[in-house]
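Just below is one structure, and these are the notes that go with it.
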Amino acid sequence: MPRQSERLYIGAGGVPAGTLGRGEENRRDTVFSYNETVGEENAVSLTMPVRLESYNWEYGIHPLFEMHIPEGHLKDELVRRFSKLVRGFDDFSLLGIVGPHQFGRSACSLTEARCNELLARVQDGMTRAMTELSEYRSTHPEFEVVGEKMTAAWSAGLAKSIAVQ
């Protein structure tokens with residue numbers, strides 16, 4: 001299995017069913033492995049029964065997981081927004097973003113290590129943006145009122161992010 005940041009936890013019926021990760025030899029491939037304790041009733045699909053051997057899929061995500069990725073304009077917009085922030089952004093990355101917000105029997109979530117890594121990036125970016133905003137406010141008095149409100153809103157958002165960690 002690949003490193004922690006390239007894994008997604010897959011649940012079925014509220015039970016942690018297994019792990020979906022990138023292939024070791026080719027990052028475009030994916031591998032799904034069931035947890036050892038998962039029972040047959042918690043299989044992620046009838047076409048993927050619980051077994052010890054991993055399910056490998058070349059060049060992308062297995063269709064079972066791919067069907068949870070948005071299509072059309074929504075997908076285009078998400079790709080546009082995240083592709084600059086996440087190196088090597090692809091369908092696997094997109095599944096990690098939208099997976100926790102799925103309805104139905106299957107669920108997908110990021111590992112704690114990946115969440116902490118992304119949160120640290122957000123904190124760093126917000127801290128730099130607040131510093132730049134403060135410098136801009138000091139040299140442009142006409143921006144003071146709006147800048148003060150932005151700083152307060154950003155500070156509150158950053159405090160919430162840190163509290164979650």
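Identifiers in this document derive from the order of the structure tokens: chains are assigned A, B, ..., residues are numbered from 1 separately in each chain, and ligands are numbered from 1 in order of occurrence.
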> Which neighbours of Ser45 of chain A fall inside 9 Å, counting only C-alpha atoms, when residues of the same chain fewer than 3 positions from it are skipped, and could you give them as number ranges by chain?
Replying inline: A: 12, 42, 48-50, 64
Restricting it to N, CA and C atoms, dump the selection as a short mmCIF file (atom, residue, chain, number, x, y, z; two decimals), in the first residue's frame.
```
data_model
loop_
_atom_site.label_atom_id
_atom_site.label_comp_id
_atom_site.auth_asym_id
_atom_site.auth_seq_id
_atom_site.Cartn_x
_atom_site.Cartn_y
_atom_site.Cartn_z
N ALA A 12 -18.71 1.00 4.48
CA ALA A 12 -19.92 0.44 3.89
C ALA A 12 -20.90 0.15 5.02
N ASN A 42 -20.76 -6.61 4.90
CA ASN A 42 -20.25 -5.24 4.73
C ASN A 42 -19.36 -5.09 3.50
N MET A 48 -17.59 -7.11 -5.67
CA MET A 48 -16.31 -7.09 -4.96
C MET A 48 -16.49 -7.74 -3.59
N PRO A 49 -16.70 -9.06 -3.55
CA PRO A 49 -16.90 -9.72 -2.26
C PRO A 49 -15.67 -9.59 -1.36
N VAL A 50 -15.90 -9.71 -0.07
CA VAL A 50 -14.80 -9.64 0.90
C VAL A 50 -13.84 -10.79 0.64
N LEU A 64 -16.68 1.26 -9.31
CA LEU A 64 -17.49 1.33 -8.09
C LEU A 64 -17.23 2.64 -7.34
#
```
>> Excluding Met67 of chain A and its own-chain neighbours fewer than 4 positions away, which residues fall within 12 Å of it when counting only C-alpha atoms? Please give them as JSON, numbers by chain.
In response: {"A": [61, 62, 63, 71, 91, 92, 94, 95, 98, 99, 102, 106]}
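Interatomic distance, atom CA of Ala129 of chain A against atom CA of Ser93 of chain A: 25.0 Å.
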>> Just want the 8 Å neighbourhood of segment 130-134 of chain A, counted on only C-alpha atoms, with same-chain residues fewer than 4 positions away dropped. Output as a PyMOL selection string.
In response: chain A and resi 126+138+147+151+154
If you take only C-alpha atoms and a cut-off of 12 Å, which residues of segment 27-75 of chain A touch segment 82-88 of chain A, and what are their nearest atom pairs and distances in Å to one decimal, in chain and number order, as CSV?
```
residue,atom,partner,partner_atom,distance
A:Arg27,CA,A:Gly88,CA,9.6
A:Arg28,CA,A:Gly88,CA,10.0
A:Lys75,CA,A:Phe82,CA,10.5
```
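A straight line drawn from atom CA of Ile97 of chain A to atom CA of Ala43 of chain A is 22.6 Å long.
Within the 12 Å cut-off around segment 51-53 of chain A, using only C-alpha atoms and omitting residues fewer than 6 positions from it on the same chain, the listed residues are Ala17, Gly18, Val31, Phe32, Ser33, Tyr34, Asn35, Glu36, Thr37, Val38, Gly39, Glu40, Asn42, Ala43 and Val44 of chain A.
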Write the residues of the preceding selection, restricted to C-alpha atoms, as a CSV table (one decimal), in the first residue's frame.
```csv
chain,number,residue,atom,x,y,z
A,17,ALA,CA,-14.6,-1.7,5.2
A,18,GLY,CA,-11.2,-1.1,3.7
A,31,VAL,CA,-5.7,-0.8,-5.1
A,32,PHE,CA,-8.6,-1.6,-2.7
A,33,SER,CA,-8.0,-3.9,0.3
A,34,TYR,CA,-10.6,-5.0,2.8
A,35,ASN,CA,-9.9,-4.7,6.5
A,36,GLU,CA,-9.3,-8.1,8.0
A,37,THR,CA,-12.3,-7.9,10.4
A,38,VAL,CA,-14.9,-7.0,7.7
A,39,GLY,CA,-17.8,-9.5,7.4
A,40,GLU,CA,-19.4,-10.5,4.1
A,42,ASN,CA,-20.3,-5.2,4.7
A,43,ALA,CA,-18.8,-5.8,1.3
A,44,VAL,CA,-18.6,-2.6,-0.7
```
Quick one: everything within 6 Å of Gly21 of chain A, counting only C-alpha atoms, minus sequence neighbours fewer than 3 positions away in the same chain. Send it as a compact mmCIF listing (two decimals) with C-alpha atoms, in the first residue's frame.
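Final file, selection-v8.txt:
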```txt
# COMPACT_ATOMS: atom_id res chain seq x y z
CA GLU A 6 -2.33 8.58 -0.69
CA ARG A 7 -4.95 6.42 0.99
CA THR A 30 -5.57 2.03 -7.58
CA VAL A 31 -5.71 -0.81 -5.09
```
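Our summary of the geometry notes that atom CA of Gly125 of chain A is positioned 21.2 Å from atom CA of Phe143 of chain A.
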>> Restricting the calculation to only C-alpha atoms: of A:Ile69, A:Phe89, A:Gly96, A:Ser155, which residue gets closest to Thr19 of chain A?
In response: A:Gly96
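Residues of chain A that DSSP places in strand (DSSP E), based on the backbone of this structure, are A:Arg7, A:Leu8, A:Tyr9, A:Ile10, A:Gly11, A:Ala12, A:Val15, A:Pro16, A:Ala17, A:Gly18, A:Thr19, A:Leu20, A:Gly21, A:Arg22, A:Thr30, A:Val31, A:Phe32, A:Ser33, A:Tyr34, A:Tyr55, A:Asn56, A:Trp57, A:Ser106, A:Ala107, A:Cys108, A:Ser109, A:Leu110.
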Can you write out the residues you just picked, keeping N, CA and C atoms, as a PDB file, in the first residue's frame?
```pdb
ATOM      1  N   ARG A   7      -3.970   7.453   0.655  1.00  0.00           N
ATOM      2  CA  ARG A   7      -4.955   6.422   0.987  1.00  0.00           C
ATOM      3  C   ARG A   7      -6.279   7.084   1.329  1.00  0.00           C
ATOM      4  N   LEU A   8      -7.351   6.393   1.039  1.00  0.00           N
ATOM      5  CA  LEU A   8      -8.684   6.816   1.440  1.00  0.00           C
ATOM      6  C   LEU A   8      -9.317   5.659   2.195  1.00  0.00           C
ATOM      7  N   TYR A   9      -9.997   5.976   3.287  1.00  0.00           N
ATOM      8  CA  TYR A   9     -10.705   4.947   4.034  1.00  0.00           C
ATOM      9  C   TYR A   9     -12.094   4.806   3.442  1.00  0.00           C
ATOM     10  N   ILE A  10     -12.492   3.585   3.163  1.00  0.00           N
ATOM     11  CA  ILE A  10     -13.790   3.299   2.558  1.00  0.00           C
ATOM     12  C   ILE A  10     -14.665   2.605   3.593  1.00  0.00           C
ATOM     13  N   GLY A  11     -15.884   3.113   3.747  1.00  0.00           N
ATOM     14  CA  GLY A  11     -16.834   2.513   4.666  1.00  0.00           C
ATOM     15  C   GLY A  11     -18.037   1.981   3.905  1.00  0.00           C
ATOM     16  N   ALA A  12     -18.706   1.000   4.484  1.00  0.00           N
ATOM     17  CA  ALA A  12     -19.923   0.443   3.893  1.00  0.00           C
ATOM     18  C   ALA A  12     -20.896   0.147   5.025  1.00  0.00           C
ATOM     19  N   VAL A  15     -19.634   0.852   8.566  1.00  0.00           N
ATOM     20  CA  VAL A  15     -18.511   0.040   9.053  1.00  0.00           C
ATOM     21  C   VAL A  15     -17.272   0.349   8.209  1.00  0.00           C
ATOM     22  N   PRO A  16     -16.107   0.565   8.845  1.00  0.00           N
ATOM     23  CA  PRO A  16     -14.881   0.760   8.059  1.00  0.00           C
ATOM     24  C   PRO A  16     -14.560  -0.523   7.285  1.00  0.00           C
ATOM     25  N   ALA A  17     -14.766  -0.485   5.965  1.00  0.00           N
ATOM     26  CA  ALA A  17     -14.639  -1.703   5.158  1.00  0.00           C
ATOM     27  C   ALA A  17     -13.221  -1.962   4.659  1.00  0.00           C
ATOM     28  N   GLY A  18     -12.514  -0.909   4.275  1.00  0.00           N
ATOM     29  CA  GLY A  18     -11.181  -1.133   3.723  1.00  0.00           C
ATOM     30  C   GLY A  18     -10.486   0.155   3.359  1.00  0.00           C
ATOM     31  N   THR A  19      -9.425   0.016   2.579  1.00  0.00           N
ATOM     32  CA  THR A  19      -8.595   1.150   2.192  1.00  0.00           C
ATOM     33  C   THR A  19      -8.397   1.145   0.685  1.00  0.00           C
ATOM     34  N   LEU A  20      -8.592   2.319   0.083  1.00  0.00           N
ATOM     35  CA  LEU A  20      -8.317   2.520  -1.333  1.00  0.00           C
ATOM     36  C   LEU A  20      -7.051   3.351  -1.423  1.00  0.00           C
ATOM     37  N   GLY A  21      -6.082   2.885  -2.175  1.00  0.00           N
ATOM     38  CA  GLY A  21      -4.822   3.612  -2.297  1.00  0.00           C
ATOM     39  C   GLY A  21      -4.309   3.615  -3.715  1.00  0.00           C
ATOM     40  N   ARG A  22      -3.333   4.450  -3.950  1.00  0.00           N
ATOM     41  CA  ARG A  22      -2.689   4.499  -5.264  1.00  0.00           C
ATOM     42  C   ARG A  22      -1.770   3.286  -5.419  1.00  0.00           C
ATOM     43  N   THR A  30      -5.057   2.043  -8.955  1.00  0.00           N
ATOM     44  CA  THR A  30      -5.569   2.035  -7.585  1.00  0.00           C
ATOM     45  C   THR A  30      -5.698   0.599  -7.083  1.00  0.00           C
ATOM     46  N   VAL A  31      -5.638   0.482  -5.765  1.00  0.00           N
ATOM     47  CA  VAL A  31      -5.713  -0.813  -5.091  1.00  0.00           C
ATOM     48  C   VAL A  31      -6.706  -0.677  -3.944  1.00  0.00           C
ATOM     49  N   PHE A  32      -7.656  -1.603  -3.861  1.00  0.00           N
ATOM     50  CA  PHE A  32      -8.587  -1.626  -2.731  1.00  0.00           C
ATOM     51  C   PHE A  32      -8.349  -2.899  -1.938  1.00  0.00           C
ATOM     52  N   SER A  33      -8.197  -2.748  -0.637  1.00  0.00           N
ATOM     53  CA  SER A  33      -8.006  -3.899   0.259  1.00  0.00           C
ATOM     54  C   SER A  33      -9.020  -3.829   1.387  1.00  0.00           C
ATOM     55  N   TYR A  34      -9.679  -4.947   1.644  1.00  0.00           N
ATOM     56  CA  TYR A  34     -10.613  -5.014   2.765  1.00  0.00           C
ATOM     57  C   TYR A  34      -9.853  -5.096   4.083  1.00  0.00           C
ATOM     58  N   TYR A  55      -7.995  -5.817  -4.560  1.00  0.00           N
ATOM     59  CA  TYR A  55      -8.553  -5.561  -5.883  1.00  0.00           C
ATOM     60  C   TYR A  55      -7.706  -4.471  -6.528  1.00  0.00           C
ATOM     61  N   ASN A  56      -7.128  -4.764  -7.688  1.00  0.00           N
ATOM     62  CA  ASN A  56      -6.285  -3.802  -8.397  1.00  0.00           C
ATOM     63  C   ASN A  56      -7.027  -3.276  -9.616  1.00  0.00           C
ATOM     64  N   TRP A  57      -6.841  -1.992  -9.911  1.00  0.00           N
ATOM     65  CA  TRP A  57      -7.462  -1.388 -11.080  1.00  0.00           C
ATOM     66  C   TRP A  57      -6.428  -0.506 -11.755  1.00  0.00           C
ATOM     67  N   SER A 106     -22.152   3.639   0.897  1.00  0.00           N
ATOM     68  CA  SER A 106     -20.693   3.757   0.843  1.00  0.00           C
ATOM     69  C   SER A 106     -20.236   5.144   1.262  1.00  0.00           C
ATOM     70  N   ALA A 107     -19.087   5.192   1.894  1.00  0.00           N
ATOM     71  CA  ALA A 107     -18.493   6.465   2.300  1.00  0.00           C
ATOM     72  C   ALA A 107     -16.992   6.393   2.078  1.00  0.00           C
ATOM     73  N   CYS A 108     -16.385   7.546   1.967  1.00  0.00           N
ATOM     74  CA  CYS A 108     -14.953   7.633   1.713  1.00  0.00           C
ATOM     75  C   CYS A 108     -14.405   8.796   2.520  1.00  0.00           C
ATOM     76  N   SER A 109     -13.261   8.624   3.161  1.00  0.00           N
ATOM     77  CA  SER A 109     -12.690   9.724   3.936  1.00  0.00           C
ATOM     78  C   SER A 109     -11.170   9.711   3.846  1.00  0.00           C
ATOM     79  N   LEU A 110     -10.585  10.877   4.099  1.00  0.00           N
ATOM     80  CA  LEU A 110      -9.131  11.017   4.095  1.00  0.00           C
ATOM     81  C   LEU A 110      -8.544  10.439   5.366  1.00  0.00           C
TER      82      LEU A 110
END
```
